[in-house]
>>> print(open('my_file_31.cif').read())   # mmCIF, C-alpha atoms
data_coords
#
loop_
_atom_site.group_PDB
_atom_site.id
_atom_site.type_symbol
_atom_site.label_atom_id
_atom_site.label_comp_id
_atom_site.auth_asym_id
_atom_site.auth_seq_id
_atom_site.Cartn_x
_atom_site.Cartn_y
_atom_site.Cartn_z
ATOM 1 C CA MET C 1 122.546 135.888 98.615
ATOM 2 C CA PRO C 2 121.115 134.720 95.244
ATOM 3 C CA SER C 3 124.231 132.658 94.617
ATOM 4 C CA GLY C 4 123.795 131.035 98.045
ATOM 5 C CA LEU C 5 120.166 130.215 97.194
ATOM 6 C CA VAL C 6 121.224 128.736 93.840
ATOM 7 C CA ALA C 7 123.858 126.627 95.589
ATOM 8 C CA LEU C 8 121.241 125.432 98.106
ATOM 9 C CA LEU C 9 118.848 124.523 95.282
ATOM 10 C CA ASP C 10 121.664 122.680 93.511
ATOM 11 C CA ASP C 11 122.358 120.715 96.706
ATOM 12 C CA ILE C 12 118.658 119.875 97.093
ATOM 13 C CA ALA C 13 118.509 118.751 93.455
ATOM 14 C CA GLY C 14 121.587 116.547 94.003
ATOM 15 C CA ILE C 15 120.086 115.019 97.153
ATOM 16 C CA THR C 16 116.811 114.391 95.295
ATOM 17 C CA LYS C 17 118.661 112.600 92.486
ATOM 18 C CA LEU C 18 120.531 110.459 95.011
ATOM 19 C CA ALA C 19 117.275 109.630 96.794
ATOM 20 C CA ALA C 20 115.605 108.713 93.490
ATOM 21 C CA ALA C 21 118.562 106.507 92.529
ATOM 22 C CA SER C 22 118.461 104.883 95.949
ATOM 23 C CA LEU C 23 114.741 104.194 95.586
ATOM 24 C CA ASP C 24 115.389 102.691 92.141
ATOM 25 C CA ASP C 25 118.029 100.431 93.707
ATOM 26 C CA VAL C 26 115.611 99.459 96.480
ATOM 27 C CA GLY C 27 112.872 98.684 93.957
ATOM 28 C CA ALA C 28 115.200 96.573 91.815
ATOM 29 C CA ALA C 29 116.552 94.739 94.872
ATOM 30 C CA ALA C 30 113.014 94.116 96.137
ATOM 31 C CA GLY C 31 111.982 92.688 92.779
ATOM 32 C CA LYS C 32 115.039 90.437 92.611
ATOM 33 C CA ALA C 33 114.676 89.262 96.208
ATOM 34 C CA GLY C 34 110.944 88.664 95.776
ATOM 35 C CA SER C 35 111.469 86.615 92.619
ATOM 36 C CA LYS C 36 113.839 84.271 94.493
ATOM 37 C CA ALA C 37 111.059 83.549 97.006
ATOM 38 C CA VAL C 38 108.670 82.366 94.266
ATOM 39 C CA GLY C 39 108.637 78.741 95.422
ATOM 40 C CA VAL C 40 107.592 79.654 98.949
ATOM 41 C CA VAL C 41 104.999 82.103 97.584
ATOM 42 C CA VAL C 42 103.428 79.421 95.379
ATOM 43 C CA ASP C 43 103.252 77.047 98.334
ATOM 44 C CA ASP C 44 101.755 79.776 100.536
ATOM 45 C CA THR C 45 99.099 80.366 97.870
ATOM 46 C CA ALA C 46 98.415 76.642 97.580
ATOM 47 C CA VAL C 47 98.237 76.024 101.343
ATOM 48 C CA THR C 48 95.972 78.898 102.465
ATOM 49 C CA PRO C 49 92.646 78.046 100.707
ATOM 50 C CA ARG C 50 92.262 74.880 102.784
ATOM 51 C CA TYR C 51 91.736 77.004 105.899
ATOM 52 C CA VAL C 52 88.284 78.125 104.689
ATOM 53 C CA VAL C 53 87.099 74.601 103.830
ATOM 54 C CA GLY C 54 84.023 73.741 105.889
ATOM 55 C CA LEU C 55 83.198 77.348 106.771
ATOM 56 C CA SER C 56 80.270 79.488 105.643
ATOM 57 C CA PRO C 57 80.810 80.961 102.129
ATOM 58 C CA GLU C 58 79.994 84.484 103.314
ATOM 59 C CA ARG C 59 82.791 84.230 105.884
ATOM 60 C CA GLU C 60 85.457 83.146 103.361
ATOM 61 C CA LEU C 61 86.701 86.603 102.334
ATOM 62 C CA PRO C 62 86.610 88.052 105.901
ATOM 63 C CA ILE C 63 88.664 85.064 107.065
ATOM 64 C CA ILE C 64 91.177 85.534 104.223
ATOM 65 C CA GLY C 65 91.363 89.211 105.260
ATOM 66 C CA LYS C 66 92.123 88.258 108.878
ATOM 67 C CA ILE C 67 94.839 85.846 107.757
ATOM 68 C CA ALA C 68 96.336 88.515 105.473
ATOM 69 C CA LEU C 69 96.487 91.015 108.377
ATOM 70 C CA GLY C 70 98.111 88.343 110.542
ATOM 71 C CA SER C 71 100.614 87.695 107.762
ATOM 72 C CA LEU C 72 101.490 91.398 107.582
ATOM 73 C CA ARG C 73 102.012 91.475 111.350
ATOM 74 C CA ASN C 74 104.245 88.414 111.063
ATOM 75 C CA LYS C 75 106.391 90.040 108.397
ATOM 76 C CA LEU C 76 106.547 93.670 109.544
ATOM 77 C CA LEU C 77 106.381 93.452 113.346
ATOM 78 C CA ILE C 78 108.196 90.176 114.047
ATOM 79 C CA LEU C 79 110.338 89.055 111.121
ATOM 80 C CA LEU C 80 111.505 92.437 109.781
ATOM 81 C CA PRO C 81 113.035 93.640 113.100
ATOM 82 C CA ALA C 82 114.505 90.170 113.700
ATOM 83 C CA ALA C 83 116.071 90.155 110.224
ATOM 84 C CA LEU C 84 117.601 93.615 110.685
ATOM 85 C CA LEU C 85 119.054 92.668 114.082
ATOM 86 C CA LEU C 86 120.487 89.517 112.542
ATOM 87 C CA SER C 87 122.002 91.488 109.676
ATOM 88 C CA ALA C 88 123.515 94.074 112.033
ATOM 89 C CA PHE C 89 124.899 91.807 114.758
ATOM 90 C CA ALA C 90 125.204 88.276 113.331
ATOM 91 C CA PRO C 91 125.471 88.411 109.515
ATOM 92 C CA TRP C 92 127.463 85.163 109.600
ATOM 93 C CA ALA C 93 124.261 83.391 110.724
ATOM 94 C CA ILE C 94 122.209 84.348 107.643
ATOM 95 C CA THR C 95 123.447 81.499 105.427
ATOM 96 C CA PRO C 96 123.062 78.721 108.065
ATOM 97 C CA LEU C 97 119.561 79.972 108.958
ATOM 98 C CA LEU C 98 118.632 80.166 105.302
ATOM 99 C CA MET C 99 119.864 76.595 104.855
ATOM 100 C CA LEU C 100 117.833 75.518 107.886
ATOM 101 C CA GLY C 101 114.770 77.010 106.241
ATOM 102 C CA GLY C 102 115.674 75.301 102.960
ATOM 103 C CA ALA C 103 115.930 71.960 104.766
ATOM 104 C CA TYR C 104 112.494 72.570 106.292
ATOM 105 C CA LEU C 105 111.048 73.265 102.815
ATOM 106 C CA CYS C 106 112.589 70.034 101.509
ATOM 107 C CA PHE C 107 111.205 68.108 104.476
ATOM 108 C CA GLU C 108 107.689 69.531 104.019
ATOM 109 C CA GLY C 109 107.776 68.832 100.283
ATOM 110 C CA ALA C 110 109.072 65.285 100.762
ATOM 111 C CA GLU C 111 106.368 64.637 103.379
ATOM 112 C CA LYS C 112 103.712 65.622 100.853
ATOM 113 C CA VAL C 113 105.254 63.379 98.187
ATOM 114 C CA ILE C 114 105.443 60.431 100.618
ATOM 115 C CA GLU C 115 101.842 61.001 101.677
ATOM 116 C CA ALA C 116 100.689 61.192 98.024
ATOM 117 C CA LEU C 117 102.425 57.872 97.327
ATOM 118 C CA GLY C 118 100.519 56.236 100.177
ATOM 119 C CA GLY C 119 103.184 56.478 102.859
ATOM 120 C CA PRO C 120 102.781 58.012 106.305
ATOM 121 C CA GLY C 121 102.444 61.782 106.304
ATOM 122 C CA HIS C 122 102.010 64.346 109.010
ATOM 123 C CA ALA C 123 98.289 64.580 109.622
ATOM 124 C CA GLU C 124 96.652 67.984 109.761
ATOM 125 C CA GLU C 125 95.343 69.209 113.048
ATOM 126 C CA GLU C 126 91.606 68.638 113.240
ATOM 127 C CA VAL C 127 89.465 71.197 115.029
ATOM 128 C CA ALA C 128 86.842 69.413 117.126
ATOM 129 C CA THR C 129 84.189 72.046 117.710
ATOM 130 C CA THR C 130 80.718 72.883 116.439
ATOM 131 C CA ASP C 131 80.879 76.553 117.438
ATOM 132 C CA ALA C 132 81.285 78.605 114.236
ATOM 133 C CA ALA C 133 83.128 81.481 115.950
ATOM 134 C CA ALA C 134 85.538 79.139 117.741
ATOM 135 C CA LEU C 135 86.093 77.166 114.541
ATOM 136 C CA GLU C 136 86.860 80.350 112.609
ATOM 137 C CA LYS C 137 89.254 81.524 115.329
ATOM 138 C CA GLU C 138 91.093 78.194 115.295
ATOM 139 C CA LYS C 139 91.332 78.162 111.505
ATOM 140 C CA VAL C 140 92.674 81.733 111.372
ATOM 141 C CA GLY C 141 95.172 81.022 114.171
ATOM 142 C CA GLY C 142 96.425 77.885 112.413
ATOM 143 C CA ALA C 143 96.793 79.726 109.114
ATOM 144 C CA ILE C 144 98.754 82.573 110.720
ATOM 145 C CA ARG C 145 101.089 80.113 112.465
ATOM 146 C CA THR C 146 101.754 78.337 109.167
ATOM 147 C CA ASP C 147 102.244 81.699 107.464
ATOM 148 C CA LEU C 148 104.875 82.667 110.052
ATOM 149 C CA ILE C 149 107.073 79.762 108.963
ATOM 150 C CA LEU C 150 106.646 80.453 105.244
ATOM 151 C CA SER C 151 107.039 84.217 105.752
ATOM 152 C CA ALA C 152 110.255 83.655 107.705
ATOM 153 C CA GLU C 153 111.691 81.801 104.723
ATOM 154 C CA ILE C 154 110.555 84.534 102.306
ATOM 155 C CA MET C 155 112.151 87.254 104.450
ATOM 156 C CA ALA C 156 115.344 85.200 104.890
ATOM 157 C CA ILE C 157 115.654 84.765 101.117
ATOM 158 C CA ALA C 158 115.118 88.508 100.613
ATOM 159 C CA LEU C 159 117.604 89.390 103.372
ATOM 160 C CA ALA C 160 120.303 87.134 101.921
ATOM 161 C CA ASP C 161 119.990 88.978 98.621
ATOM 162 C CA VAL C 162 120.502 92.450 100.166
ATOM 163 C CA ALA C 163 122.749 91.555 103.107
ATOM 164 C CA ASN C 164 125.528 93.877 101.881
ATOM 165 C CA SER C 165 123.249 96.900 101.385
ATOM 166 C CA PRO C 166 122.903 99.757 103.913
ATOM 167 C CA ILE C 167 120.570 98.928 106.794
ATOM 168 C CA LEU C 168 117.907 101.426 105.624
ATOM 169 C CA ASN C 169 117.853 99.841 102.165
ATOM 170 C CA GLN C 170 117.549 96.410 103.768
ATOM 171 C CA ALA C 171 114.565 97.584 105.808
ATOM 172 C CA LEU C 172 112.873 99.119 102.756
ATOM 173 C CA VAL C 173 113.462 96.049 100.601
ATOM 174 C CA LEU C 174 112.156 93.663 103.262
ATOM 175 C CA ALA C 175 109.106 95.877 103.861
ATOM 176 C CA ILE C 176 108.342 96.129 100.122
ATOM 177 C CA VAL C 177 108.786 92.387 99.607
ATOM 178 C CA GLY C 178 106.655 91.578 102.665
ATOM 179 C CA ILE C 179 103.785 93.905 101.715
ATOM 180 C CA ALA C 180 103.825 93.066 97.976
ATOM 181 C CA ILE C 181 103.915 89.310 98.545
ATOM 182 C CA THR C 182 101.151 89.459 101.155
ATOM 183 C CA ILE C 183 98.877 91.468 98.846
ATOM 184 C CA GLY C 184 99.681 89.193 95.898
ATOM 185 C CA VAL C 185 99.257 85.907 97.765
ATOM 186 C CA TYR C 186 96.049 86.735 99.603
ATOM 187 C CA GLY C 187 94.562 88.554 96.615
ATOM 188 C CA VAL C 188 95.011 85.376 94.560
ATOM 189 C CA VAL C 189 93.762 83.226 97.460
ATOM 190 C CA GLY C 190 90.621 85.374 97.747
ATOM 191 C CA LEU C 191 89.991 84.963 94.016
ATOM 192 C CA ILE C 192 90.554 81.209 94.205
ATOM 193 C CA VAL C 193 88.155 80.590 97.104
ATOM 194 C CA LYS C 194 85.398 82.640 95.434
ATOM 195 C CA MET C 195 85.941 81.312 91.912
ATOM 196 C CA ASP C 196 83.329 78.584 92.292
ATOM 197 C CA ASP C 197 80.790 81.168 93.520
ATOM 198 C CA ILE C 198 81.624 83.394 90.538
ATOM 199 C CA GLY C 199 81.230 80.410 88.223
ATOM 200 C CA LEU C 200 77.881 79.469 89.788
ATOM 201 C CA HIS C 201 76.656 83.042 89.362
ATOM 202 C CA LEU C 202 77.698 83.103 85.684
ATOM 203 C CA ALA C 203 76.182 79.667 85.028
ATOM 204 C CA LYS C 204 72.725 80.964 86.024
ATOM 205 C CA ARG C 205 72.797 84.228 84.093
ATOM 206 C CA GLY C 206 73.660 85.797 80.761
ATOM 207 C CA SER C 207 74.149 84.271 77.348
ATOM 208 C CA ALA C 208 75.034 80.689 76.522
ATOM 209 C CA PRO C 209 78.805 81.412 76.246
ATOM 210 C CA VAL C 210 78.764 83.114 79.671
ATOM 211 C CA ARG C 211 76.926 80.149 81.216
ATOM 212 C CA THR C 212 79.454 77.797 79.627
ATOM 213 C CA ILE C 213 82.316 79.798 81.188
ATOM 214 C CA GLY C 214 80.546 79.676 84.552
ATOM 215 C CA ARG C 215 80.136 75.894 84.423
ATOM 216 C CA GLY C 216 83.774 75.601 83.368
ATOM 217 C CA LEU C 217 84.881 77.596 86.422
ATOM 218 C CA VAL C 218 82.822 75.412 88.770
ATOM 219 C CA LYS C 219 84.153 72.184 87.255
ATOM 220 C CA GLY C 220 87.701 73.522 86.998
ATOM 221 C CA MET C 221 88.093 74.495 90.664
ATOM 222 C CA PRO C 222 88.957 70.990 91.964
ATOM 223 C CA VAL C 223 91.469 70.603 89.107
ATOM 224 C CA LEU C 224 93.001 74.003 89.914
ATOM 225 C CA MET C 225 93.325 73.160 93.608
ATOM 226 C CA ARG C 226 95.035 69.848 92.824
ATOM 227 C CA ALA C 227 97.361 71.558 90.343
ATOM 228 C CA LEU C 228 98.228 74.259 92.880
ATOM 229 C CA SER C 229 99.030 71.607 95.473
ATOM 230 C CA ILE C 230 101.347 69.762 93.055
ATOM 231 C CA ILE C 231 103.030 72.974 91.860
ATOM 232 C CA GLY C 232 103.441 74.180 95.444
ATOM 233 C CA THR C 233 105.073 70.912 96.521
ATOM 234 C CA ALA C 234 107.417 70.884 93.534
ATOM 235 C CA ALA C 235 108.329 74.527 94.129
ATOM 236 C CA MET C 236 109.095 73.887 97.806
ATOM 237 C CA ILE C 237 111.454 71.014 96.971
ATOM 238 C CA TRP C 238 113.132 72.886 94.108
ATOM 239 C CA VAL C 239 113.638 76.118 96.065
ATOM 240 C CA GLY C 240 114.730 74.288 99.221
ATOM 241 C CA GLY C 241 117.246 72.211 97.292
ATOM 242 C CA GLY C 242 118.592 75.290 95.500
ATOM 243 C CA ILE C 243 119.000 77.161 98.795
ATOM 244 C CA LEU C 244 120.932 74.243 100.311
ATOM 245 C CA ILE C 245 123.225 73.822 97.288
ATOM 246 C CA HIS C 246 124.001 77.537 97.233
ATOM 247 C CA GLY C 247 124.524 77.566 101.006
ATOM 248 C CA LEU C 248 126.973 74.674 100.814
ATOM 249 C CA GLU C 249 128.882 76.556 98.121
ATOM 250 C CA VAL C 250 129.055 79.680 100.328
ATOM 251 C CA LEU C 251 130.338 77.545 103.217
ATOM 252 C CA GLY C 252 133.092 76.072 101.030
ATOM 253 C CA LEU C 253 131.567 72.821 99.754
ATOM 254 C CA HIS C 254 131.552 73.543 96.003
ATOM 255 C CA ALA C 255 131.141 70.028 94.572
ATOM 256 C CA PRO C 256 127.299 69.863 94.259
ATOM 257 C CA ALA C 257 126.981 73.348 92.714
ATOM 258 C CA GLU C 258 129.928 72.772 90.348
ATOM 259 C CA ALA C 259 128.593 69.381 89.195
ATOM 260 C CA ILE C 260 125.174 70.864 88.395
ATOM 261 C CA HIS C 261 126.801 73.851 86.686
ATOM 262 C CA HIS C 262 128.966 71.621 84.445
ATOM 263 C CA VAL C 263 125.979 69.486 83.406
ATOM 264 C CA ALA C 264 123.864 72.590 82.722
ATOM 265 C CA GLU C 265 126.673 74.123 80.644
ATOM 266 C CA ALA C 266 127.074 70.948 78.573
ATOM 267 C CA VAL C 267 123.319 70.796 77.949
ATOM 268 C CA HIS C 268 123.264 74.508 77.099
ATOM 269 C CA HIS C 269 125.860 74.056 74.338
ATOM 270 C CA ALA C 270 124.218 70.881 73.014
ATOM 271 C CA ALA C 271 120.679 72.310 72.871
ATOM 272 C CA GLY C 272 121.487 75.240 70.584
ATOM 273 C CA GLY C 273 118.873 78.016 70.453
ATOM 274 C CA VAL C 274 116.866 76.716 73.410
ATOM 275 C CA GLY C 275 119.992 75.982 75.449
ATOM 276 C CA GLY C 276 119.256 78.638 78.064
ATOM 277 C CA ILE C 277 115.806 77.235 78.852
ATOM 278 C CA VAL C 278 117.020 73.634 78.878
ATOM 279 C CA ALA C 279 119.984 74.539 81.122
ATOM 280 C CA TRP C 280 117.612 76.248 83.571
ATOM 281 C CA LEU C 281 115.346 73.177 83.589
ATOM 282 C CA VAL C 282 118.345 70.920 84.242
ATOM 283 C CA THR C 283 119.480 73.140 87.132
ATOM 284 C CA ALA C 284 115.961 73.242 88.601
ATOM 285 C CA ALA C 285 115.535 69.471 88.230
ATOM 286 C CA ALA C 286 118.921 68.793 89.859
ATOM 287 C CA SER C 287 118.082 71.153 92.737
ATOM 288 C CA GLY C 288 114.704 69.435 93.106
ATOM 289 C CA LEU C 289 116.248 65.960 93.128
ATOM 290 C CA PHE C 290 118.807 67.063 95.733
ATOM 291 C CA GLY C 291 116.006 68.588 97.824
ATOM 292 C CA LEU C 292 113.774 65.522 97.497
ATOM 293 C CA VAL C 293 116.536 63.121 98.585
ATOM 294 C CA LEU C 294 117.547 65.283 101.543
ATOM 295 C CA GLY C 295 113.904 65.949 102.482
ATOM 296 C CA GLY C 296 113.176 62.221 102.321
ATOM 297 C CA ILE C 297 116.102 61.481 104.654
ATOM 298 C CA ILE C 298 114.895 64.133 107.135
ATOM 299 C CA ALA C 299 111.323 62.786 106.921
ATOM 300 C CA TRP C 300 112.575 59.230 107.575
ATOM 301 C CA ILE C 301 114.517 60.430 110.644
ATOM 302 C CA VAL C 302 111.541 62.408 111.946
ATOM 303 C CA HIS C 303 109.195 59.411 111.559
ATOM 304 C CA LYS C 304 111.692 57.171 113.335
ATOM 305 C CA ILE C 305 111.874 59.635 116.232
ATOM 306 C CA ARG C 306 108.049 59.875 116.384
ATOM 307 C CA HIS C 307 107.733 56.080 116.529
#
>>> encode(input="my_file_31.cif", output="structure tokens")
Amino acid sequence: MPSGLVALLDDIAGITKLAAASLDDVGAAAGKAGSKAVGVVVDDTAVTPRYVVGLSPERELPIIGKIALGSLRNKLLILLPAALLLSAFAPWAITPLLMLGGAYLCFEGAEKVIEALGGPGHAEEEVATTDAAALEKEKVGGAIRTDLILSAEIMAIALADVANSPILNQALVLAIVGIAITIGVYGVVGLIVKMDDIGLHLAKRGSAPVRTIGRGLVKGMPVLMRALSIIGTAAMIWVGGGILIHGLEVLGLHAPAEAIHHVAEAVHHAAGGVGGIVAWLVTAAASGLFGLVLGGIIAWIVHKIRH
């Protein structure tokens, strides 16, 4: 009997070790998959603050909270089951769908560049109402719809990275990525939209250095918002272009990826100690240029169709 108990405890210990190793694998996979979605995350962070513009300051954080809950529902109740079904029954479709999302990112980024250069862009939907509750509802609904598109791309990127893992690991990774990114994005968004209020509070109180910091925060907010918009656009184009180049390589068209790789390798050897950083910058710039050209072509087609 004691020997049987010892054997049982040994089995439990072995199962525990396997579970711990599996969780370590899931955590590592989630981190890797989440890092690949950085461009979409930056754009999500840059896009969301505009949904509280024109609303009462005391409603800003509650509105961000509503959008965050909507984002979680998007990821966990809609996109997660859809991703698992896709992985189980149509894994061949993951790469084409990921490329479709990459093309959309390139298109959106190119539209923003064209609009910034004075060309025609896609105008934002204006909400024509004076009712505060209706306005808030419309803003939250618009933000959640936009989030669904960006979240779909985040989940697709994560799924592509763990497509060969067991289905339970896929579910855990997607859930971890979805929850972590939502908390990170909307935590930062909440801080951004309240930063001017924090700065105003500091500017009226405390010592001279504290007041100086407060005034700096108030003056720096417009600069930060512009910088976020530029970084978000660049990240969309870079990530979208990289997704498309990698997708083409998976589908058998190796020329774009190989050309970029050869250039990056040559630069790496020529740059010496900083070769790794320079090679990464070359790869990112080439992916961005590819994405910008393709996004510009798609934008031109879309505008022709609209006209």
>>> residues_around(input="my_file_31.cif", residues="Ile213 in chain C", least_positions_apart="3", cutoff="12 Å", atoms="all atoms listed in the file", output="number ranges by chain")
C: 195-196, 198-210, 216-220
>>> atom_distance(input="my_file_31.cif", atom1="CA of Gly190 in chain C", atom2="CA of Glu115 in chain C")
27.1 Å
>>> residues_around(input="my_file_31.cif", residues="Thr233 in chain C", least_positions_apart="4", cutoff="8 Å", atoms="all atoms listed in the file", output="count of residues only")
6
>>> atom_distance(input="my_file_31.cif", atom1="CA of Ile78 in chain C", atom2="CA of Asn164 in chain C")
21.5 Å
>>> closest_residue(input="my_file_31.cif", among="C:Leu168, C:Ala284, C:Ala103, C:Leu80", to="Ala264 in chain C", atoms="all atoms listed in the file")
C:Ala284
>>> closest_residue(input="my_file_31.cif", among="C:Ile230, C:Ile144, C:Ala271, C:Leu244", to="Ile63 in chain C", atoms="all atoms listed in the file")
C:Ile144
>>> atom_distance(input="my_file_31.cif", atom1="CA of Val267 in chain C", atom2="CA of Ala279 in chain C")
5.9 Å
>>> closest_residue(input="my_file_31.cif", among="C:Trp92, C:Gly273, C:Trp238, C:Ala266", to="Phe290 in chain C", atoms="all atoms listed in the file")
C:Trp238
>>> resolve_selection(input="my_file_31.cif", expression="the PyMOL selection byres ((chain C and resi 79) around 10)", output="PDB file with C-alpha atoms, in the frame of the given file")
ATOM      1  CA  LEU C  72     101.490  91.398 107.582  1.00  0.00           C
ATOM      2  CA  ARG C  73     102.012  91.475 111.350  1.00  0.00           C
ATOM      3  CA  ASN C  74     104.245  88.414 111.063  1.00  0.00           C
ATOM      4  CA  LYS C  75     106.391  90.040 108.397  1.00  0.00           C
ATOM      5  CA  LEU C  76     106.547  93.670 109.544  1.00  0.00           C
ATOM      6  CA  LEU C  77     106.381  93.452 113.346  1.00  0.00           C
ATOM      7  CA  ILE C  78     108.196  90.176 114.047  1.00  0.00           C
ATOM      8  CA  LEU C  80     111.505  92.437 109.781  1.00  0.00           C
ATOM      9  CA  PRO C  81     113.035  93.640 113.100  1.00  0.00           C
ATOM     10  CA  ALA C  82     114.505  90.170 113.700  1.00  0.00           C
ATOM     11  CA  ALA C  83     116.071  90.155 110.224  1.00  0.00           C
ATOM     12  CA  LEU C  84     117.601  93.615 110.685  1.00  0.00           C
ATOM     13  CA  LEU C  85     119.054  92.668 114.082  1.00  0.00           C
ATOM     14  CA  LEU C 148     104.875  82.667 110.052  1.00  0.00           C
ATOM     15  CA  SER C 151     107.039  84.217 105.752  1.00  0.00           C
ATOM     16  CA  ALA C 152     110.255  83.655 107.705  1.00  0.00           C
ATOM     17  CA  GLU C 153     111.691  81.801 104.723  1.00  0.00           C
ATOM     18  CA  ILE C 154     110.555  84.534 102.306  1.00  0.00           C
ATOM     19  CA  MET C 155     112.151  87.254 104.450  1.00  0.00           C
ATOM     20  CA  ALA C 156     115.344  85.200 104.890  1.00  0.00           C
ATOM     21  CA  LEU C 174     112.156  93.663 103.262  1.00  0.00           C
ATOM     22  CA  GLY C 178     106.655  91.578 102.665  1.00  0.00           C
TER      23      GLY C 178
END
>>> closest_residue(input="my_file_31.cif", among="C:Ile167, C:Ile64, C:Ala235, C:Ala90", to="Ala143 in chain C", atoms="only C-alpha atoms")
C:Ile64
>>> resolve_selection(input="my_file_31.cif", expression="the PyMOL selection byres ((chain C and resi 170) around 10)", output="list in words")
Val26, Ala29, Ala30, Leu80, Ala83, Leu84, Ser87, Ala158, Leu159, Ala160, Asp161, Val162, Ala163, Asn164, Ser165, Pro166, Ile167, Leu168, Asn169, Ala171, Leu172, Val173, Leu174, Ala175 and Ile176 of chain C
>>> residues_around(input="my_file_31.cif", residues="Ile245 in chain C", least_positions_apart="3", cutoff="8 Å", atoms="only C-alpha atoms", output="MDAnalysis selection string")
chainID C and resid 241:242 248:249 256:257 287
>>> resolve_selection(input="my_file_31.cif", expression="the PyMOL selection byres ((chain C and resi 292-301) around 8)", output="ChimeraX atom specification")
/C:103-111,237,241,288-291,302-305
>>> axis_aligned_box(input="my_file_31.cif", around="range 181-190 of chain C", padding_each_side="4 Å", output="AutoDock Vina command-line options")
--center_x 97.3 --center_y 87.3 --center_z 97.9 --size_x 21.3 --size_y 16.2 --size_z 14.6
>>> closest_residue(input="my_file_31.cif", among="C:Gly101, C:Gly232, C:Gly65, C:Pro222", to="Ile149 in chain C", atoms="all atoms listed in the file")
C:Gly101
